[in-house]
Amino acid sequence: MQRVLLTGAAGNIGGYLRKLLPPVYPGLVLSDIKAPKDLQPSETFIQADIAKADEIERACQGVEGIIHLGGRSGEAPWEAILEANIVGCYNLFEAARKAGVKRVVFVTSNHAVGFYPRETTIPTDVIPRPDSRYGVSKLFGEGLGAMYAYKHGIGVTSLRIGNVGDKPLDARRLAIWIRPDDLVQLIRIGLERPGLVYEVMYGVSDNQRSWYDNSHARALGYDPQGRSEDFAAQVLAAEPPASQKHPAAEYYQGGTFCADEYSADVSTLKDRS
Ligand code: 15L
């Protein structure tokens, strides 16, 4: 692909991708509401607020593929989610359609399905159980992706990512961690795999404690190299005791996203597994 647009480029994941993607996609274009503080002279940046259709349309001109990271990356008040992740995501797909973009990789989240218990292994076609307004907005984006794939012929991939970083941060992240280079593999499948229509994959590394059945991603060619188990002893030694955590955060895959604003009866938690 000659010109690939990375939205949300000034964020944390954007920081990793700005280093890893240019050798693969030399025509990488960065976009965000504000320029990254450490923007390099070699990088191309277009300022765009995805909540403003004309701005994101301008950023999509001449683009063949989009990696959409932009928007809120965690729970927020409804108005903020609405603007950045609902309106913004719609603007992005509409801009992609108008500009004739061939592929979109939509970076969604484990929080689209966060209300599954940790003891359950879930495939990608599981009934959604978002754990937050943020998770609901990611599902909206997944739905938009499917619609633009089947109705408008854009090849779309929804990557339900866990936590991107150099190493897993805590016990929950031992299940959902993804090493940045593994994320690049998934992005490349989304942008380059011939004949792709619409796919959903979990964005996690080769984690022994994973609660996802990611066999579909492997069938599409994903061969993750990161292994969270290499960090397990260190991570578990630093983990606070379960007594200090909310029961919903411990029980469900989505962790604190499940526990925040939780008002159901925790004593009957396991009845809602
Ligand atoms: C996400 O979806 C967030 O974007 C990220 O900041 C982390 O909180 C991650 O999930 C997680 O579940 O750890």
# chains A, B, ... in the order shown; residues from 1 in each chain; ligands from 1
$ closest_atom_pairs --of "chain A" --to "ligand 1" --cutoff "7 Å" --atoms "only C-alpha atoms and all ligand atoms" --output "CSV"
residue,atom,partner,partner_atom_place_in_ligand_line,distance
A:Ser73,CA,ligand 1,4 (O),4.0
A:Gly74,CA,ligand 1,3 (C),5.2
A:Ser109,CA,ligand 1,2 (O),4.5
A:Asn110,CA,ligand 1,2 (O),6.0
A:His111,CA,ligand 1,2 (O),5.8
A:Ile161,CA,ligand 1,2 (O),6.6
A:Gly162,CA,ligand 1,9 (C),5.3
A:Asn163,CA,ligand 1,13 (O),4.5
A:Arg173,CA,ligand 1,13 (O),6.3
A:Gly254,CA,ligand 1,12 (O),6.2
$ closest_atom_pairs --of "region 33-130 of chain A" --to "region 1-14 of chain A" --cutoff "10 Å" --atoms "only C-alpha atoms" --output "Markdown table"
| residue | atom | partner | partner_atom | distance |
| --- | --- | --- | --- | --- |
| A:Ile33 | CA | A:Gly8 | CA | 7.7 |
| A:Lys34 | CA | A:Ala10 | CA | 7.1 |
| A:Ala35 | CA | A:Ala10 | CA | 6.3 |
| A:Pro36 | CA | A:Ala10 | CA | 4.4 |
| A:Lys37 | CA | A:Ala10 | CA | 7.7 |
| A:Asp38 | CA | A:Ala10 | CA | 9.0 |
| A:Leu39 | CA | A:Ala10 | CA | 8.8 |
| A:Thr44 | CA | A:Leu5 | CA | 9.8 |
| A:Phe45 | CA | A:Ala9 | CA | 8.9 |
| A:Ile46 | CA | A:Leu5 | CA | 9.5 |
| A:Gln47 | CA | A:Thr7 | CA | 9.7 |
| A:Ala48 | CA | A:Thr7 | CA | 8.7 |
| A:Asp49 | CA | A:Gly8 | CA | 9.7 |
| A:Ile50 | CA | A:Thr7 | CA | 8.7 |
| A:Ile56 | CA | A:Thr7 | CA | 9.3 |
| A:Ala59 | CA | A:Leu5 | CA | 7.7 |
| A:Cys60 | CA | A:Leu5 | CA | 7.1 |
| A:Gln61 | CA | A:Arg3 | CA | 9.5 |
| A:Gly62 | CA | A:Arg3 | CA | 7.1 |
| A:Val63 | CA | A:Arg3 | CA | 5.0 |
| A:Glu64 | CA | A:Arg3 | CA | 5.7 |
| A:Gly65 | CA | A:Val4 | CA | 4.7 |
| A:Ile66 | CA | A:Leu5 | CA | 4.7 |
| A:Ile67 | CA | A:Leu6 | CA | 4.9 |
| A:His68 | CA | A:Thr7 | CA | 5.1 |
| A:Leu69 | CA | A:Gly8 | CA | 4.9 |
| A:Gly70 | CA | A:Gly8 | CA | 3.7 |
| A:Gly71 | CA | A:Gly8 | CA | 6.7 |
| A:Arg72 | CA | A:Gly8 | CA | 9.2 |
| A:Ser73 | CA | A:Gly11 | CA | 9.1 |
| A:Leu92 | CA | A:Thr7 | CA | 9.3 |
| A:Val101 | CA | A:Val4 | CA | 9.5 |
| A:Lys102 | CA | A:Met1 | CA | 9.6 |
| A:Arg103 | CA | A:Val4 | CA | 9.4 |
| A:Val104 | CA | A:Leu5 | CA | 9.4 |
| A:Val105 | CA | A:Leu6 | CA | 9.6 |
$ select_by_dssp --residues "region 20-112 of chain A" --states "helix (DSSP H, G or I)" --output "JSON, numbers by chain"
{"A": [20, 53, 54, 55, 56, 57, 58, 59, 60, 78, 79, 80, 81, 82, 83, 84, 85, 86, 87, 88, 89, 90, 91, 92, 93, 94, 95, 96, 97, 98, 99, 110, 111, 112]}
$ write_last_selection --atoms "N, CA and C atoms" --output "compact mmCIF listing (two decimals), in the first residue's frame"
# COMPACT_ATOMS: atom_id res chain seq x y z
N LEU A 20 7.30 1.24 14.18
CA LEU A 20 7.32 -0.07 13.52
C LEU A 20 6.76 -0.07 12.09
N ALA A 53 -16.36 16.05 10.20
CA ALA A 53 -16.32 15.24 8.96
C ALA A 53 -15.36 15.82 7.93
N ASP A 54 -15.38 17.15 7.75
CA ASP A 54 -14.52 17.73 6.68
C ASP A 54 -13.04 17.53 7.00
N GLU A 55 -12.69 17.55 8.27
CA GLU A 55 -11.27 17.40 8.62
C GLU A 55 -10.78 15.98 8.33
N ILE A 56 -11.59 14.98 8.70
CA ILE A 56 -11.14 13.60 8.48
C ILE A 56 -11.22 13.25 6.98
N GLU A 57 -12.15 13.88 6.27
CA GLU A 57 -12.22 13.66 4.81
C GLU A 57 -10.93 14.14 4.14
N ARG A 58 -10.45 15.26 4.62
CA ARG A 58 -9.21 15.81 4.06
C ARG A 58 -8.04 14.84 4.31
N ALA A 59 -8.02 14.28 5.53
CA ALA A 59 -6.92 13.37 5.88
C ALA A 59 -6.97 12.08 5.05
N CYS A 60 -8.16 11.70 4.58
CA CYS A 60 -8.32 10.43 3.83
C CYS A 60 -8.01 10.55 2.34
N TRP A 78 -20.69 10.06 28.62
CA TRP A 78 -21.37 9.72 27.37
C TRP A 78 -21.12 10.74 26.27
N GLU A 79 -21.16 12.03 26.60
CA GLU A 79 -21.01 13.07 25.57
C GLU A 79 -19.65 12.93 24.86
N ALA A 80 -18.64 12.60 25.63
CA ALA A 80 -17.29 12.46 25.05
C ALA A 80 -17.20 11.21 24.18
N ILE A 81 -17.80 10.11 24.65
CA ILE A 81 -17.81 8.87 23.86
C ILE A 81 -18.60 9.09 22.57
N LEU A 82 -19.73 9.76 22.72
CA LEU A 82 -20.60 10.02 21.56
C LEU A 82 -19.84 10.77 20.46
N GLU A 83 -19.15 11.82 20.89
CA GLU A 83 -18.47 12.66 19.90
C GLU A 83 -17.29 11.95 19.24
N ALA A 84 -16.43 11.35 20.07
CA ALA A 84 -15.18 10.80 19.52
C ALA A 84 -15.36 9.41 18.93
N ASN A 85 -16.15 8.56 19.59
CA ASN A 85 -16.17 7.15 19.20
C ASN A 85 -17.41 6.75 18.39
N ILE A 86 -18.47 7.53 18.49
CA ILE A 86 -19.67 7.19 17.70
C ILE A 86 -19.68 8.10 16.46
N VAL A 87 -19.81 9.40 16.68
CA VAL A 87 -19.80 10.33 15.54
C VAL A 87 -18.45 10.24 14.80
N GLY A 88 -17.38 10.22 15.57
CA GLY A 88 -16.03 10.18 14.97
C GLY A 88 -15.83 8.94 14.12
N CYS A 89 -16.28 7.80 14.61
CA CYS A 89 -16.09 6.55 13.88
C CYS A 89 -16.94 6.54 12.60
N TYR A 90 -18.14 7.06 12.71
CA TYR A 90 -18.99 7.17 11.52
C TYR A 90 -18.33 8.08 10.48
N ASN A 91 -17.82 9.22 10.94
CA ASN A 91 -17.14 10.15 10.02
C ASN A 91 -15.97 9.46 9.31
N LEU A 92 -15.27 8.65 10.08
CA LEU A 92 -14.09 7.97 9.53
C LEU A 92 -14.50 7.01 8.42
N PHE A 93 -15.50 6.17 8.68
CA PHE A 93 -15.91 5.20 7.65
C PHE A 93 -16.52 5.91 6.44
N GLU A 94 -17.27 6.97 6.69
CA GLU A 94 -17.84 7.72 5.57
C GLU A 94 -16.73 8.37 4.73
N ALA A 95 -15.75 8.92 5.40
CA ALA A 95 -14.63 9.54 4.68
C ALA A 95 -13.89 8.47 3.88
N ALA A 96 -13.74 7.28 4.45
CA ALA A 96 -13.06 6.18 3.76
C ALA A 96 -13.84 5.81 2.50
N ARG A 97 -15.14 5.70 2.63
CA ARG A 97 -15.98 5.34 1.47
C ARG A 97 -15.85 6.40 0.36
N LYS A 98 -15.97 7.67 0.77
CA LYS A 98 -15.92 8.75 -0.24
C LYS A 98 -14.56 8.80 -0.94
N ALA A 99 -13.50 8.48 -0.19
CA ALA A 99 -12.15 8.58 -0.77
C ALA A 99 -11.74 7.31 -1.50
N ASN A 110 -10.99 -5.38 23.82
CA ASN A 110 -11.48 -6.49 24.66
C ASN A 110 -12.71 -6.06 25.46
N HIS A 111 -12.88 -4.73 25.64
CA HIS A 111 -14.01 -4.26 26.45
C HIS A 111 -15.35 -4.33 25.70
N ALA A 112 -15.30 -4.73 24.43
CA ALA A 112 -16.54 -5.02 23.70
C ALA A 112 -17.18 -6.31 24.21
$ residues_around --residues "Val24 (chain A)" --least-positions-apart "5" --cutoff "12 Å" --atoms "only C-alpha atoms" --output "number ranges by chain"
A: 1-4, 17-19, 181, 184-185, 187-188, 191-192
$ closest_residue --among "A:Leu159, A:Ala259, A:Ala233, A:Ala175" --to "Pro247 (chain A)" --atoms "only C-alpha atoms"
A:Ala259
$ closest_atom_pairs --of "region 82-165 of chain A" --to "region 210-218 of chain A" --cutoff "10 Å" --atoms "only C-alpha atoms" --output "Markdown table"
| residue | atom | partner | partner_atom | distance |
| --- | --- | --- | --- | --- |
| A:Asn110 | CA | A:Tyr212 | CA | 9.6 |
| A:Tyr116 | CA | A:Trp211 | CA | 9.3 |
| A:Pro117 | CA | A:Trp211 | CA | 9.0 |
| A:Arg118 | CA | A:Trp211 | CA | 6.5 |
| A:Glu119 | CA | A:Trp211 | CA | 7.4 |
| A:Thr120 | CA | A:Trp211 | CA | 6.4 |
| A:Thr121 | CA | A:Trp211 | CA | 4.6 |
| A:Ile122 | CA | A:Tyr212 | CA | 4.9 |
| A:Pro123 | CA | A:Asp213 | CA | 4.7 |
| A:Thr124 | CA | A:Asp213 | CA | 7.3 |
| A:Leu159 | CA | A:Ala217 | CA | 9.8 |
$ atom_distance --atom1 "CA of Val200 (chain A)" --atom2 "CA of Val29 (chain A)"
24.4 Å
$ residues_around --residues "Glu229 (chain A)" --least-positions-apart "3" --cutoff "9 Å" --atoms "only C-alpha atoms" --output "PyMOL selection string"
chain A and resi 174+206-209+232-233
$ write_last_selection --atoms "all heavy atoms" --output "mmCIF file, in the first residue's frame"
data_model
loop_
_atom_site.group_PDB
_atom_site.id
_atom_site.type_symbol
_atom_site.label_atom_id
_atom_site.label_comp_id
_atom_site.auth_asym_id
_atom_site.auth_seq_id
_atom_site.Cartn_x
_atom_site.Cartn_y
_atom_site.Cartn_z
ATOM 1 N N LEU A 174 -1.743 -10.452 31.819
ATOM 2 C CA LEU A 174 -1.060 -11.679 31.382
ATOM 3 C C LEU A 174 -1.929 -12.421 30.363
ATOM 4 O O LEU A 174 -1.440 -13.164 29.527
ATOM 5 C CB LEU A 174 -0.771 -12.603 32.577
ATOM 6 C CG LEU A 174 0.303 -12.138 33.558
ATOM 7 C CD1 LEU A 174 0.351 -13.074 34.765
ATOM 8 C CD2 LEU A 174 1.681 -12.072 32.880
ATOM 9 N N ASP A 206 0.888 -14.548 22.208
ATOM 10 C CA ASP A 206 0.761 -15.997 22.453
ATOM 11 C C ASP A 206 0.758 -16.226 23.976
ATOM 12 O O ASP A 206 1.737 -16.705 24.539
ATOM 13 C CB ASP A 206 1.938 -16.704 21.772
ATOM 14 C CG ASP A 206 1.836 -18.211 21.889
ATOM 15 O OD1 ASP A 206 0.749 -18.719 22.249
ATOM 16 O OD2 ASP A 206 2.847 -18.881 21.629
ATOM 17 N N ASN A 207 -0.340 -15.851 24.621
ATOM 18 C CA ASN A 207 -0.401 -15.862 26.087
ATOM 19 C C ASN A 207 -1.043 -17.150 26.606
ATOM 20 O O ASN A 207 -2.197 -17.415 26.289
ATOM 21 C CB ASN A 207 -1.219 -14.663 26.585
ATOM 22 C CG ASN A 207 -0.669 -13.342 26.089
ATOM 23 O OD1 ASN A 207 0.520 -13.234 25.811
ATOM 24 N ND2 ASN A 207 -1.530 -12.343 25.969
ATOM 25 N N GLN A 208 -0.283 -17.856 27.429
ATOM 26 C CA GLN A 208 -0.784 -19.120 27.991
ATOM 27 C C GLN A 208 -2.084 -18.917 28.770
ATOM 28 O O GLN A 208 -2.941 -19.755 28.792
ATOM 29 C CB GLN A 208 0.294 -19.657 28.929
ATOM 30 C CG GLN A 208 0.219 -21.111 29.261
ATOM 31 C CD GLN A 208 1.460 -21.491 30.071
ATOM 32 O OE1 GLN A 208 2.591 -21.363 29.602
ATOM 33 N NE2 GLN A 208 1.232 -21.906 31.318
ATOM 34 N N ARG A 209 -2.211 -17.751 29.442
ATOM 35 C CA ARG A 209 -3.399 -17.506 30.279
ATOM 36 C C ARG A 209 -4.531 -16.808 29.525
ATOM 37 O O ARG A 209 -5.482 -16.322 30.144
ATOM 38 C CB ARG A 209 -3.016 -16.637 31.485
ATOM 39 C CG ARG A 209 -2.042 -17.338 32.413
ATOM 40 C CD ARG A 209 -1.388 -16.358 33.373
ATOM 41 N NE ARG A 209 -0.191 -16.972 33.926
ATOM 42 C CZ ARG A 209 -0.055 -17.375 35.188
ATOM 43 N NH1 ARG A 209 -1.022 -17.153 36.060
ATOM 44 N NH2 ARG A 209 1.048 -17.973 35.609
ATOM 45 N N ALA A 232 5.392 -13.833 33.899
ATOM 46 C CA ALA A 232 4.347 -14.145 34.882
ATOM 47 C C ALA A 232 4.827 -14.072 36.332
ATOM 48 O O ALA A 232 4.150 -13.462 37.179
ATOM 49 C CB ALA A 232 3.744 -15.508 34.580
ATOM 50 N N ALA A 233 5.970 -14.675 36.628
ATOM 51 C CA ALA A 233 6.436 -14.733 38.021
ATOM 52 C C ALA A 233 6.578 -13.320 38.591
ATOM 53 O O ALA A 233 6.057 -12.998 39.668
ATOM 54 C CB ALA A 233 7.751 -15.492 38.094
#
$ closest_residue --among "A:Gly114, A:Pro77, A:Gly143, A:Pro168" --to "Val235 (chain A)" --atoms "only C-alpha atoms"
A:Pro168
$ closest_residue --among "A:Arg193, A:Val156, A:Ala248, A:Thr256" --to "Lys270 (chain A)" --atoms "only C-alpha atoms"
A:Ala248
$ residues_around --residues "Gly226 (chain A)" --least-positions-apart "3" --cutoff "7 Å" --atoms "only C-alpha atoms" --output "PyMOL selection string"
chain A and resi 178-179+205-206
$ write_last_selection --atoms "N, CA, C and O atoms" --output "tab-separated table (two decimals), in the first residue's frame"
chain	number	residue	atom	x	y	z
A	178	ILE	N	-0.48	-7.66	24.37
A	178	ILE	CA	0.02	-7.86	23.00
A	178	ILE	C	1.28	-7.05	22.80
A	178	ILE	O	1.33	-5.85	23.11
A	179	ARG	N	2.29	-7.74	22.29
A	179	ARG	CA	3.55	-7.07	21.99
A	179	ARG	C	3.37	-6.26	20.71
A	179	ARG	O	2.71	-6.73	19.78
A	205	SER	N	-1.08	-11.48	22.26
A	205	SER	CA	0.09	-12.29	21.90
A	205	SER	C	-0.16	-13.76	22.22
A	205	SER	O	-1.30	-14.15	22.50
A	206	ASP	N	0.89	-14.55	22.21
A	206	ASP	CA	0.76	-16.00	22.45
A	206	ASP	C	0.76	-16.23	23.98
A	206	ASP	O	1.74	-16.71	24.54
$ atom_distance --atom1 "CA of Phe231 (chain A)" --atom2 "CA of Asp166 (chain A)"
10.7 Å
$ residues_around --residues "Glu239 (chain A)" --least-positions-apart "2" --cutoff "8 Å" --atoms "only C-alpha atoms" --output "PDB file with N, CA, C and O atoms, in the first residue's frame"
ATOM      1  N   ASP A 170       0.020  -6.328  34.673  1.00  0.00           N
ATOM      2  CA  ASP A 170      -0.553  -6.944  35.884  1.00  0.00           C
ATOM      3  C   ASP A 170      -1.151  -8.306  35.522  1.00  0.00           C
ATOM      4  O   ASP A 170      -1.061  -8.734  34.366  1.00  0.00           O
ATOM      5  N   ALA A 171      -1.765  -8.963  36.524  1.00  0.00           N
ATOM      6  CA  ALA A 171      -2.244 -10.339  36.317  1.00  0.00           C
ATOM      7  C   ALA A 171      -3.259 -10.405  35.174  1.00  0.00           C
ATOM      8  O   ALA A 171      -3.203 -11.310  34.342  1.00  0.00           O
ATOM      9  N   VAL A 235       5.251 -10.476  37.443  1.00  0.00           N
ATOM     10  CA  VAL A 235       3.972  -9.756  37.477  1.00  0.00           C
ATOM     11  C   VAL A 235       3.139 -10.222  38.673  1.00  0.00           C
ATOM     12  O   VAL A 235       2.579  -9.401  39.419  1.00  0.00           O
ATOM     13  N   LEU A 236       3.073 -11.528  38.900  1.00  0.00           N
ATOM     14  CA  LEU A 236       2.215 -12.053  39.976  1.00  0.00           C
ATOM     15  C   LEU A 236       2.760 -11.692  41.350  1.00  0.00           C
ATOM     16  O   LEU A 236       2.002 -11.470  42.292  1.00  0.00           O
ATOM     17  N   ALA A 237       4.084 -11.581  41.463  1.00  0.00           N
ATOM     18  CA  ALA A 237       4.688 -11.211  42.749  1.00  0.00           C
ATOM     19  C   ALA A 237       4.281  -9.786  43.141  1.00  0.00           C
ATOM     20  O   ALA A 237       4.184  -9.457  44.331  1.00  0.00           O
ATOM     21  N   PRO A 241      -3.406  -8.250  46.680  1.00  0.00           N
ATOM     22  CA  PRO A 241      -4.282  -9.377  46.990  1.00  0.00           C
ATOM     23  C   PRO A 241      -5.715  -9.135  46.508  1.00  0.00           C
ATOM     24  O   PRO A 241      -6.150  -7.981  46.396  1.00  0.00           O
TER      25      PRO A 241
END
$ atom_distance --atom1 "CA of Asp131 (chain A)" --atom2 "CA of Phe115 (chain A)"
5.6 Å
$ closest_residue --among "A:Tyr150, A:Ile127, A:Asp230, A:Tyr222" --to "Lys167 (chain A)" --atoms "only C-alpha atoms"
A:Asp230
